[in-house]
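Everything on this sheet refers to the single structure shown next.
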Amino acid sequence: RAELDDFLRTALLRGLAGAPLSTASFSEDALRGALGKVFDGGSITEAAKTRAGEELAVVLSEAGVDTGLEHLPRLVQRWLDQLQDDLGGLAGGADIDPRFVSRIRMSGAQA
């Protein structure tokens, strides 16, 4: 069962790949495409890291969220670290089995 942070990491990964922020589950092909845009050599690119905080700050501002924003950089860094730990090994074109992809929403992930 997905946790709240799974939805946030999913939306963040979509935004990093240049797509609108969305919590929709990734298909294997969509994840492979996103990984190709976000990772270089198993690491999240610096450009993507910079975009991450900016994307979320805009969404929160548009939603009228103005409290707790001082925690956003630390949260974004944690989510980026988790994405890199979990998905960096797949960025080189490894086979993706949704049952074993964690901390983001994947279609076909639950058996």
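Lettering and numbering for the structure tokens are positional, with chains as A, B, ... in the shown order, residues counted from 1 in each chain, and ligands counted from 1 in the shown order.
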
- Task: Might you pull out every residue within 12 Å of Gly18 in chain A, with only C-alpha atoms counted and same-chain residues fewer than 6 positions away left off, and present them as JSON, numbers by chain?
- Result: {"A": [11, 12, 33, 34, 35, 36, 37, 38, 47, 48, 51, 52, 55]}

Selection from above, N, CA and C atoms, as a short mmCIF file (atom, residue, chain, number, x, y, z; two decimals), in the first residue's frame, can you write it?
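Here's the written file part10.cif:
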data_model
loop_
_atom_site.label_atom_id
_atom_site.label_comp_id
_atom_site.auth_asym_id
_atom_site.auth_seq_id
_atom_site.Cartn_x
_atom_site.Cartn_y
_atom_site.Cartn_z
N ALA A 11 5.26 12.22 -7.94
CA ALA A 11 5.03 13.53 -8.57
C ALA A 11 6.36 14.24 -8.83
N LEU A 12 7.26 14.16 -7.87
CA LEU A 12 8.56 14.81 -8.00
C LEU A 12 9.33 14.23 -9.18
N GLY A 33 11.52 6.09 -19.41
CA GLY A 33 11.71 7.40 -20.04
C GLY A 33 12.10 8.47 -19.03
N ALA A 34 11.45 8.46 -17.88
CA ALA A 34 11.77 9.44 -16.84
C ALA A 34 13.19 9.25 -16.33
N LEU A 35 13.59 8.02 -16.13
CA LEU A 35 14.94 7.75 -15.63
C LEU A 35 15.99 8.27 -16.60
N GLY A 36 15.72 8.11 -17.90
CA GLY A 36 16.65 8.59 -18.92
C GLY A 36 16.82 10.10 -18.91
N LYS A 37 15.80 10.82 -18.47
CA LYS A 37 15.85 12.28 -18.43
C LYS A 37 16.42 12.82 -17.12
N VAL A 38 16.32 12.05 -16.06
CA VAL A 38 16.66 12.55 -14.72
C VAL A 38 18.03 12.08 -14.25
N ALA A 47 21.02 19.54 -12.63
CA ALA A 47 19.91 20.34 -13.16
C ALA A 47 18.58 19.84 -12.60
N ALA A 48 18.42 18.53 -12.53
CA ALA A 48 17.18 17.96 -11.99
C ALA A 48 17.04 18.29 -10.50
N ARG A 51 15.83 21.82 -10.20
CA ARG A 51 14.42 21.91 -10.59
C ARG A 51 13.49 21.39 -9.52
N ALA A 52 13.93 20.40 -8.77
CA ALA A 52 13.07 19.72 -7.79
C ALA A 52 12.44 20.68 -6.80
N GLU A 55 10.09 23.35 -8.51
CA GLU A 55 8.79 22.82 -8.92
C GLU A 55 7.82 22.76 -7.74
#

Task: All residues 9 Å or closer to range 63-72 of chain A, only C-alpha atoms, same chain fewer than 6 positions away omitted, as a list in words - done: Gly53, Leu56 and Ala57 of chain A

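Counting only C-alpha atoms and comparing A:Ser43, A:Gln77, A:Thr50, A:Ser107, the residue that lies closest to Ser27 in chain A is A:Ser107.
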
(request) Would you work out the distance separating CA of Glu54 in chain A from CA of Ser102 in chain A, expressed in Å to one decimal? (result)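 CA of Ser102 in chain A lies at a distance of 24.4 Å from CA of Glu54 in chain A.
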
Counting only C-alpha atoms, closest pick from A:Arg99, A:Lys49, A:Arg9, A:Arg74 relative to Thr23 in chain A is A:Arg9

Residues near Asp85 in chain A, cut-off 12 Å, only C-alpha atoms, skip fewer than 5 positions along chain, as a VMD selection string: chain A and resid 39 42 to 44 78 to 80 90 to 91 101 to 103

In terms of the shortest atom-to-atom distance over only C-alpha atoms, which of A:Ala24, A:Leu4, A:Leu16, A:Leu31 is closest to Asp95 in chain A?
->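 Using only C-alpha atoms, Asp95 in chain A sits closest to A:Leu31.
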
Report the residues of chain A whose backbone DSSP state falls under alpha helix (DSSP H), written as a PyMOL selection string. chain A and resi 4-16+28-38+46-62+72-87

Given the selection you just returned, output its residues as a file containing C-alpha atoms, formatted as a short mmCIF file (atom, residue, chain, number, x, y, z; two decimals), in the first residue's frame.
data_model
loop_
_atom_site.label_atom_id
_atom_site.label_comp_id
_atom_site.auth_asym_id
_atom_site.auth_seq_id
_atom_site.Cartn_x
_atom_site.Cartn_y
_atom_site.Cartn_z
CA LEU A 4 2.03 9.66 1.38
CA ASP A 5 5.71 10.12 0.56
CA ASP A 6 5.33 7.61 -2.32
CA PHE A 7 2.83 9.97 -3.94
CA LEU A 8 5.19 12.92 -3.42
CA ARG A 9 8.22 11.10 -4.83
CA THR A 10 6.13 9.96 -7.82
CA ALA A 11 5.03 13.53 -8.57
CA LEU A 12 8.56 14.81 -8.00
CA LEU A 13 10.06 12.28 -10.42
CA ARG A 14 7.52 13.25 -13.09
CA GLY A 15 8.37 16.93 -12.59
CA LEU A 16 12.10 16.24 -12.75
CA GLU A 28 7.42 0.51 -17.01
CA ASP A 29 7.91 2.51 -20.23
CA ALA A 30 7.09 5.84 -18.58
CA LEU A 31 9.51 5.09 -15.73
CA ARG A 32 12.25 4.11 -18.16
CA GLY A 33 11.71 7.40 -20.04
CA ALA A 34 11.77 9.44 -16.84
CA LEU A 35 14.94 7.75 -15.63
CA GLY A 36 16.65 8.59 -18.92
CA LYS A 37 15.85 12.28 -18.43
CA VAL A 38 16.66 12.55 -14.72
CA GLU A 46 22.41 18.63 -10.86
CA ALA A 47 19.91 20.34 -13.16
CA ALA A 48 17.18 17.96 -11.99
CA LYS A 49 18.09 18.55 -8.34
CA THR A 50 17.78 22.30 -8.83
CA ARG A 51 14.42 21.91 -10.59
CA ALA A 52 13.07 19.72 -7.79
CA GLY A 53 12.75 22.37 -5.12
CA GLU A 54 11.62 25.01 -7.59
CA GLU A 55 8.79 22.82 -8.92
CA LEU A 56 7.40 22.04 -5.49
CA ALA A 57 7.73 25.62 -4.27
CA VAL A 58 5.63 26.83 -7.21
CA VAL A 59 2.93 24.20 -6.62
CA LEU A 60 2.76 24.99 -2.91
CA SER A 61 2.62 28.72 -3.57
CA GLU A 62 -0.20 28.28 -6.10
CA LEU A 72 10.96 22.07 2.08
CA PRO A 73 14.68 21.96 1.12
CA ARG A 74 15.38 19.21 3.65
CA LEU A 75 12.33 17.20 2.55
CA VAL A 76 13.20 17.56 -1.13
CA GLN A 77 16.77 16.44 -0.45
CA ARG A 78 15.51 13.37 1.42
CA TRP A 79 13.14 12.45 -1.43
CA LEU A 80 15.91 12.94 -4.00
CA ASP A 81 18.27 10.75 -1.97
CA GLN A 82 15.60 8.05 -1.76
CA LEU A 83 14.89 8.22 -5.50
CA GLN A 84 18.59 7.94 -6.25
CA ASP A 85 19.06 5.02 -3.87
CA ASP A 86 16.04 3.14 -5.22
CA LEU A 87 16.20 3.95 -8.93
#

* Those of range 27-90 of chain A in DSSP strand (DSSP E or B), formatted as an MDAnalysis selection string -> chainID A and resid 39:40 43:44

Any chance you can output those residues with N, CA and C atoms as a compact mmCIF listing (two decimals), in the first residue's frame?
# COMPACT_ATOMS: atom_id res chain seq x y z
N PHE A 39 18.44 10.88 -14.67
CA PHE A 39 19.68 10.29 -14.17
C PHE A 39 20.79 10.34 -15.22
N ASP A 40 22.01 10.44 -14.74
CA ASP A 40 23.19 10.32 -15.57
C ASP A 40 24.20 9.49 -14.80
N SER A 43 23.19 8.64 -11.16
CA SER A 43 22.97 9.75 -10.24
C SER A 43 22.00 10.76 -10.84
N ILE A 44 21.21 11.38 -9.97
CA ILE A 44 20.31 12.43 -10.42
C ILE A 44 21.16 13.62 -10.84

Students should find that CA of Arg105 in chain A and CA of Pro20 in chain A are spaced 15.6 Å
